[in-house]
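Participant: Can you keep this structure in mind? I'll have questions shortly.
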Amino acid sequence: MLTVKPKINYDCDVLISGGGPSGSALAFHLAKKGVKVIVVEAAKFPRDKVCGDGVSPIALAELNKMGITRTQKFAKANEIKKVGLFLKNDNVFINLAKPEHLRYHARIIPRIELDAMIYEAAKKAGATYLEESRVVKYKITPNAALVTVKTDADQQLIKTKLVVGADGSRSIIARQMRGNSPSKDYQLLGLRAYYNNVNGPTDRVDIYFSEEGFPGIFWMFPKGKNDANIGMAMISQTFPQKPDHIKKLLTEHIATHPEIAKRIGKGSLEAKMEGWPITFFNASQKLCSDRVMLIGEAAGLINPLSGDGIQYALLSSRWAAETIINCVPADEFSETALSTYSKKVNEEVGYDFALSNLLVQFPRNKTLTKVWMKILTVLIARAKEDKEYADIIAGIFEGTYPSYKALTVPFILKSLKQGGLEISKELSNSLKHPNSLLDNAADSVQFLFKILEEIKANPVAQLKWAGNTLSKTASVAAHLAQTVDLSKIRKGV
Ligand SMILES: Cc1cc2nc3c(=O)[nH]c(=O)nc-3n(C[C@H](O)[C@H](O)[C@H](O)COP(=O)(O)OP(=O)(O)OC[C@H]3O[C@@H](n4cnc5c(N)ncnc54)[C@H](O)[C@@H]3O)c2cc1C
């Protein structure tokens, strides 16, 4: 039987909620192909966004495809060639290797500039923007998505074939589609401060770990000759709950860490510290439903290990555009038709994110912080003498390598060997100074007692943590079974 679709007057083919990197990149790709796009953006460009401003080589490759790297503004962006990792009094400096297929080293580009560049490219391609306007809800009918958009002055209903949530970590579209807010189990909290008149080197980003700040990391990213982005990201839900406020931790770190003090020198805080939640990937939550899609951080496309999200915002917008362009001719935007996008996301990043989620699940249990400090000591010691190993660690932080690079057999063997070396160093020190042997033994016993005490004090929370760890392990196992070529992992390809 022939079904005739009624003729409907749509205001646009695709309405995008949010004009950050994901929303504006999607608008660019669609407008270039003649798709009629409206971007509704709560702010007015150029607008700031709390971020580390680190733009990875993979993100830069996407910007290159969009012609943005050929602009004068891009040419001025600060290039990063080294990373410093700091733990207590130890450190290692790693030259960032650039995989051959990637054209650029990472850059630090303040978001007020980066997002405006993508916005301008999208407008030039033909996208329409409604700025200082906010999407408040949508309604799906058999033939359309009806989106309510509010400004200070009025409210309007926009009729579209598809609505895309590109509205970041607190996405209104994701909340309505999924029927819930993001769980704290899948959130980091980030804090950023801009500093003026800091010292070089301008081509080196520094990352600091400390027992007090764990499970969190501090960073210092130079954004040019004199200025820097300094910040901290921390897992929101830890066990036991972290009593210290993240702002206090960052302030103390800046005031007391000798290495960061060296870099800040006579520099000063440019504006107040600002915080923002970071929502990462929960594989049990949908990315699409009938006439609705999520991209970028609204979809949770953030690597919880590095906090890196710009590259996934840009990649997901290109993958979404490929699906949407195929849906336009048949005017078919059902969940099934949109599912090629969900499958693509799962294939490209599903395993990596499942593994990263599992890796951040361990430090959530702060009882184990001492173990993590030991593991980091081992990583730094090995990175000092093994260039290939150092490249992998730096690549994971830079977002160039997936985290499963750190779970290959050669990488693990090297880590174990280094762990053995560190233990034998400690043993030989203890034999030279027998009293320290007693200290170490006493420390270990105390550590064990601390674990037992915390299990006794909070059995329910410890069980929940163990249960979450098991379910995240199961998610990794499912990916391994479905999609991953184990022989490649073994060899480290
Ligand atoms: C402290 C911190 C440090 C970070 N550091 C890095 C880093 O160094 N490198 C990296 O790659 N990533 C980093 N990230 C992550 C990165 O910021 C995100 O991955 C990225 O911004 C996601 O882009 P997006 O376009 O999906 O969302 P966003 O950039 O959040 O853009 C969402 C847009 O939607 C708009 N909006 C929101 N709600 C509505 C609404 N209802 N209606 C209309 N518009 C709306 C907002 O105004 C905003 O412009 C960091 C995040 C934080 C918080």
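To be explicit about the labels: the chains of the structure tokens are called A, B, and onward in the order shown, and within each one the residues are counted from 1, while ligands get numbers from 1 in the order they are shown.
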Pick out the residues sitting within 12 Å of Met117 in chain A, and hand them over as a PDB file with N, CA, C and O atoms, in the first residue's frame; count only C-alpha atoms, and ignore anything fewer than 5 positions along from it in its own chain.
Facilitator:
ATOM      1  N   GLY A  19      25.295  26.086  20.645  1.00  0.00           N
ATOM      2  CA  GLY A  19      26.214  26.431  19.537  1.00  0.00           C
ATOM      3  C   GLY A  19      27.676  26.344  19.935  1.00  0.00           C
ATOM      4  O   GLY A  19      28.509  27.086  19.423  1.00  0.00           O
ATOM      5  N   GLY A  20      28.016  25.428  20.889  1.00  0.00           N
ATOM      6  CA  GLY A  20      29.428  25.191  21.231  1.00  0.00           C
ATOM      7  C   GLY A  20      30.107  24.430  20.101  1.00  0.00           C
ATOM      8  O   GLY A  20      29.570  24.359  18.993  1.00  0.00           O
ATOM      9  N   PRO A  21      31.284  23.823  20.358  1.00  0.00           N
ATOM     10  CA  PRO A  21      31.989  23.118  19.286  1.00  0.00           C
ATOM     11  C   PRO A  21      31.139  22.051  18.599  1.00  0.00           C
ATOM     12  O   PRO A  21      31.144  21.956  17.367  1.00  0.00           O
ATOM     13  N   SER A  24      27.978  23.891  16.664  1.00  0.00           N
ATOM     14  CA  SER A  24      28.386  24.709  15.515  1.00  0.00           C
ATOM     15  C   SER A  24      29.061  23.864  14.440  1.00  0.00           C
ATOM     16  O   SER A  24      28.881  24.123  13.242  1.00  0.00           O
ATOM     17  N   ALA A  25      29.811  22.814  14.860  1.00  0.00           N
ATOM     18  CA  ALA A  25      30.439  21.956  13.840  1.00  0.00           C
ATOM     19  C   ALA A  25      29.352  21.185  13.074  1.00  0.00           C
ATOM     20  O   ALA A  25      29.424  21.051  11.853  1.00  0.00           O
ATOM     21  N   PHE A  28      27.775  23.499  10.659  1.00  0.00           N
ATOM     22  CA  PHE A  28      28.674  23.701   9.511  1.00  0.00           C
ATOM     23  C   PHE A  28      28.499  22.558   8.507  1.00  0.00           C
ATOM     24  O   PHE A  28      28.261  22.792   7.318  1.00  0.00           O
ATOM     25  N   PHE A  45      27.686  35.122  20.951  1.00  0.00           N
ATOM     26  CA  PHE A  45      29.106  34.986  20.582  1.00  0.00           C
ATOM     27  C   PHE A  45      29.755  36.342  20.384  1.00  0.00           C
ATOM     28  O   PHE A  45      29.081  37.258  19.941  1.00  0.00           O
ATOM     29  N   PRO A  46      31.060  36.489  20.714  1.00  0.00           N
ATOM     30  CA  PRO A  46      31.919  35.473  21.311  1.00  0.00           C
ATOM     31  C   PRO A  46      31.594  35.268  22.780  1.00  0.00           C
ATOM     32  O   PRO A  46      31.386  36.230  23.502  1.00  0.00           O
ATOM     33  N   ARG A  47      31.536  33.983  23.198  1.00  0.00           N
ATOM     34  CA  ARG A  47      31.210  33.695  24.597  1.00  0.00           C
ATOM     35  C   ARG A  47      32.270  32.751  25.194  1.00  0.00           C
ATOM     36  O   ARG A  47      32.844  31.923  24.510  1.00  0.00           O
ATOM     37  N   LEU A  63      39.182  20.420  12.775  1.00  0.00           N
ATOM     38  CA  LEU A  63      39.105  21.851  12.429  1.00  0.00           C
ATOM     39  C   LEU A  63      39.724  22.087  11.054  1.00  0.00           C
ATOM     40  O   LEU A  63      39.263  22.922  10.280  1.00  0.00           O
ATOM     41  N   ASN A  64      40.776  21.311  10.759  1.00  0.00           N
ATOM     42  CA  ASN A  64      41.440  21.439   9.465  1.00  0.00           C
ATOM     43  C   ASN A  64      40.471  21.080   8.332  1.00  0.00           C
ATOM     44  O   ASN A  64      40.398  21.787   7.318  1.00  0.00           O
ATOM     45  N   MET A  66      37.468  21.520   8.319  1.00  0.00           N
ATOM     46  CA  MET A  66      36.463  22.585   8.196  1.00  0.00           C
ATOM     47  C   MET A  66      37.082  23.894   7.689  1.00  0.00           C
ATOM     48  O   MET A  66      36.402  24.915   7.608  1.00  0.00           O
ATOM     49  N   GLY A  67      38.376  23.878   7.417  1.00  0.00           N
ATOM     50  CA  GLY A  67      39.047  25.081   6.886  1.00  0.00           C
ATOM     51  C   GLY A  67      39.431  26.078   7.970  1.00  0.00           C
ATOM     52  O   GLY A  67      39.961  27.158   7.674  1.00  0.00           O
ATOM     53  N   ILE A  68      39.197  25.730   9.233  1.00  0.00           N
ATOM     54  CA  ILE A  68      39.420  26.705  10.313  1.00  0.00           C
ATOM     55  C   ILE A  68      40.915  26.905  10.589  1.00  0.00           C
ATOM     56  O   ILE A  68      41.336  27.969  11.024  1.00  0.00           O
ATOM     57  N   THR A  69      41.731  25.885  10.301  1.00  0.00           N
ATOM     58  CA  THR A  69      43.178  26.020  10.571  1.00  0.00           C
ATOM     59  C   THR A  69      43.853  26.947   9.547  1.00  0.00           C
ATOM     60  O   THR A  69      45.020  27.273   9.704  1.00  0.00           O
ATOM     61  N   ARG A  70      43.109  27.332   8.521  1.00  0.00           N
ATOM     62  CA  ARG A  70      43.715  28.239   7.541  1.00  0.00           C
ATOM     63  C   ARG A  70      43.428  29.710   7.867  1.00  0.00           C
ATOM     64  O   ARG A  70      43.794  30.597   7.118  1.00  0.00           O
ATOM     65  N   THR A  71      42.797  29.970   9.017  1.00  0.00           N
ATOM     66  CA  THR A  71      42.476  31.357   9.359  1.00  0.00           C
ATOM     67  C   THR A  71      43.651  32.005  10.108  1.00  0.00           C
ATOM     68  O   THR A  71      44.464  31.313  10.712  1.00  0.00           O
ATOM     69  N   GLN A  72      43.705  33.334  10.073  1.00  0.00           N
ATOM     70  CA  GLN A  72      44.780  34.066  10.773  1.00  0.00           C
ATOM     71  C   GLN A  72      44.687  33.856  12.280  1.00  0.00           C
ATOM     72  O   GLN A  72      45.686  33.746  12.972  1.00  0.00           O
ATOM     73  N   LYS A  73      43.441  33.791  12.775  1.00  0.00           N
ATOM     74  CA  LYS A  73      43.241  33.605  14.220  1.00  0.00           C
ATOM     75  C   LYS A  73      43.873  32.303  14.670  1.00  0.00           C
ATOM     76  O   LYS A  73      44.501  32.218  15.714  1.00  0.00           O
ATOM     77  N   PHE A  74      43.700  31.257  13.870  1.00  0.00           N
ATOM     78  CA  PHE A  74      44.249  29.960  14.262  1.00  0.00           C
ATOM     79  C   PHE A  74      45.776  30.019  14.286  1.00  0.00           C
ATOM     80  O   PHE A  74      46.416  29.455  15.188  1.00  0.00           O
ATOM     81  N   ALA A  77      47.440  30.681  17.560  1.00  0.00           N
ATOM     82  CA  ALA A  77      47.192  29.826  18.741  1.00  0.00           C
ATOM     83  C   ALA A  77      48.482  29.176  19.248  1.00  0.00           C
ATOM     84  O   ALA A  77      49.339  28.784  18.453  1.00  0.00           O
ATOM     85  N   ILE A 109      43.864  26.989  22.988  1.00  0.00           N
ATOM     86  CA  ILE A 109      43.076  28.057  22.354  1.00  0.00           C
ATOM     87  C   ILE A 109      41.945  28.434  23.314  1.00  0.00           C
ATOM     88  O   ILE A 109      41.048  27.607  23.549  1.00  0.00           O
ATOM     89  N   PRO A 110      41.992  29.639  23.910  1.00  0.00           N
ATOM     90  CA  PRO A 110      40.898  30.020  24.813  1.00  0.00           C
ATOM     91  C   PRO A 110      39.557  29.812  24.116  1.00  0.00           C
ATOM     92  O   PRO A 110      39.401  30.149  22.937  1.00  0.00           O
ATOM     93  N   ARG A 111      38.603  29.257  24.858  1.00  0.00           N
ATOM     94  CA  ARG A 111      37.330  28.889  24.244  1.00  0.00           C
ATOM     95  C   ARG A 111      36.582  30.088  23.678  1.00  0.00           C
ATOM     96  O   ARG A 111      35.806  29.942  22.733  1.00  0.00           O
ATOM     97  N   ILE A 112      36.832  31.256  24.254  1.00  0.00           N
ATOM     98  CA  ILE A 112      36.141  32.435  23.708  1.00  0.00           C
ATOM     99  C   ILE A 112      36.548  32.634  22.240  1.00  0.00           C
ATOM    100  O   ILE A 112      35.751  33.113  21.422  1.00  0.00           O
ATOM    101  N   ALA A 122      30.331  28.147  10.620  1.00  0.00           N
ATOM    102  CA  ALA A 122      28.975  27.609  10.417  1.00  0.00           C
ATOM    103  C   ALA A 122      28.063  28.664   9.791  1.00  0.00           C
ATOM    104  O   ALA A 122      27.267  28.371   8.896  1.00  0.00           O
ATOM    105  N   LYS A 123      28.210  29.911  10.270  1.00  0.00           N
ATOM    106  CA  LYS A 123      27.356  30.982   9.702  1.00  0.00           C
ATOM    107  C   LYS A 123      27.697  31.205   8.234  1.00  0.00           C
ATOM    108  O   LYS A 123      26.822  31.371   7.396  1.00  0.00           O
ATOM    109  N   LYS A 124      29.009  31.172   7.946  1.00  0.00           N
ATOM    110  CA  LYS A 124      29.445  31.369   6.560  1.00  0.00           C
ATOM    111  C   LYS A 124      28.896  30.242   5.667  1.00  0.00           C
ATOM    112  O   LYS A 124      28.542  30.473   4.508  1.00  0.00           O
TER     113      LYS A 124
END
Participant: Would you give me, as a PyMOL selection string, the residues in range 28-271 of chain A that DSSP reads as alpha helix (DSSP H)?
Facilitator: chain A and resi 28-32+57-65+72-75+111-125+172-178+246-256+258-264
Participant: Quick one: DSSP strand (DSSP E) residues in range 260-323 of chain A, as an NGL selection string?
Facilitator: :A and (268-269 or 274-279 or 288-289 or 292-294)
Participant: Would you output that residue set with N, CA and C atoms, as an mmCIF file, in the first residue's frame?
Facilitator:
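What follows is the written file result30.cif:
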data_model
loop_
_atom_site.group_PDB
_atom_site.id
_atom_site.type_symbol
_atom_site.label_atom_id
_atom_site.label_comp_id
_atom_site.auth_asym_id
_atom_site.auth_seq_id
_atom_site.Cartn_x
_atom_site.Cartn_y
_atom_site.Cartn_z
ATOM 1 N N SER A 268 49.486 37.106 38.088
ATOM 2 C CA SER A 268 48.336 37.282 38.990
ATOM 3 C C SER A 268 47.052 36.754 38.342
ATOM 4 N N LEU A 269 46.100 36.467 39.215
ATOM 5 C CA LEU A 269 44.808 35.946 38.780
ATOM 6 C C LEU A 269 44.076 37.015 37.962
ATOM 7 N N GLU A 274 36.415 29.755 38.069
ATOM 8 C CA GLU A 274 35.055 29.345 37.718
ATOM 9 C C GLU A 274 34.957 27.840 37.566
ATOM 10 N N GLY A 275 33.870 27.275 38.032
ATOM 11 C CA GLY A 275 33.707 25.824 37.982
ATOM 12 C C GLY A 275 32.601 25.405 37.019
ATOM 13 N N TRP A 276 32.659 24.150 36.591
ATOM 14 C CA TRP A 276 31.653 23.620 35.660
ATOM 15 C C TRP A 276 31.658 22.088 35.743
ATOM 16 N N PRO A 277 30.484 21.442 35.688
ATOM 17 C CA PRO A 277 30.496 19.967 35.701
ATOM 18 C C PRO A 277 30.902 19.403 34.341
ATOM 19 N N ILE A 278 31.488 18.237 34.367
ATOM 20 C CA ILE A 278 31.843 17.535 33.128
ATOM 21 C C ILE A 278 31.113 16.198 33.174
ATOM 22 N N THR A 279 30.267 15.948 32.163
ATOM 23 C CA THR A 279 29.474 14.707 32.167
ATOM 24 C C THR A 279 30.078 13.705 31.204
ATOM 25 N N CYS A 288 19.927 8.421 20.866
ATOM 26 C CA CYS A 288 18.891 8.856 19.911
ATOM 27 C C CYS A 288 17.529 8.315 20.330
ATOM 28 N N SER A 289 16.485 9.049 19.961
ATOM 29 C CA SER A 289 15.136 8.479 19.969
ATOM 30 C C SER A 289 14.437 9.099 18.762
ATOM 31 N N VAL A 292 15.112 12.772 17.669
ATOM 32 C CA VAL A 292 16.017 13.417 18.641
ATOM 33 C C VAL A 292 17.379 12.723 18.613
ATOM 34 N N MET A 293 18.439 13.565 18.703
ATOM 35 C CA MET A 293 19.806 13.027 18.756
ATOM 36 C C MET A 293 20.614 13.823 19.758
ATOM 37 N N LEU A 294 21.639 13.194 20.328
ATOM 38 C CA LEU A 294 22.546 13.914 21.228
ATOM 39 C C LEU A 294 23.962 13.839 20.668
#
Participant: Pick out the closest residue to Val163 in chain A from this set: A:Ile302, A:Leu189, A:Ile16, A:Ala228. Count only C-alpha atoms.
Facilitator: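 Once distances to Val163 in chain A are computed over only C-alpha atoms, the minimum belongs to A:Ile16.
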Participant: Quick check, in Å to one decimal: how far apart do CA of Ile158 in chain A and CA of Ser17 in chain A lie?
Facilitator: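 Rounded to one decimal, the two atoms are 11.8 Å apart.
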Participant: Between A:Leu85, A:Ile310, A:Val35, A:Ala116, which one has atoms that come closest to ligand 1, using only C-alpha atoms and all ligand atoms?
Facilitator: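 Ranking A:Leu85, A:Ile310, A:Val35, A:Ala116 by distance to ligand 1, first place goes to A:Ile310.
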Participant: So which one's closest to Val205 in chain A, A:Ile118, A:Ala174, A:Leu87, A:Ala394? Using only C-alpha atoms, please.
Facilitator: A:Ala394
Participant: Calculated over only C-alpha atoms, which of the candidates A:Arg103, A:Gly231, A:Leu15, A:Leu359 has the smallest distance to Thr148 in chain A?
Facilitator: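 Once distances to Thr148 in chain A are computed over only C-alpha atoms, the minimum belongs to A:Leu15.
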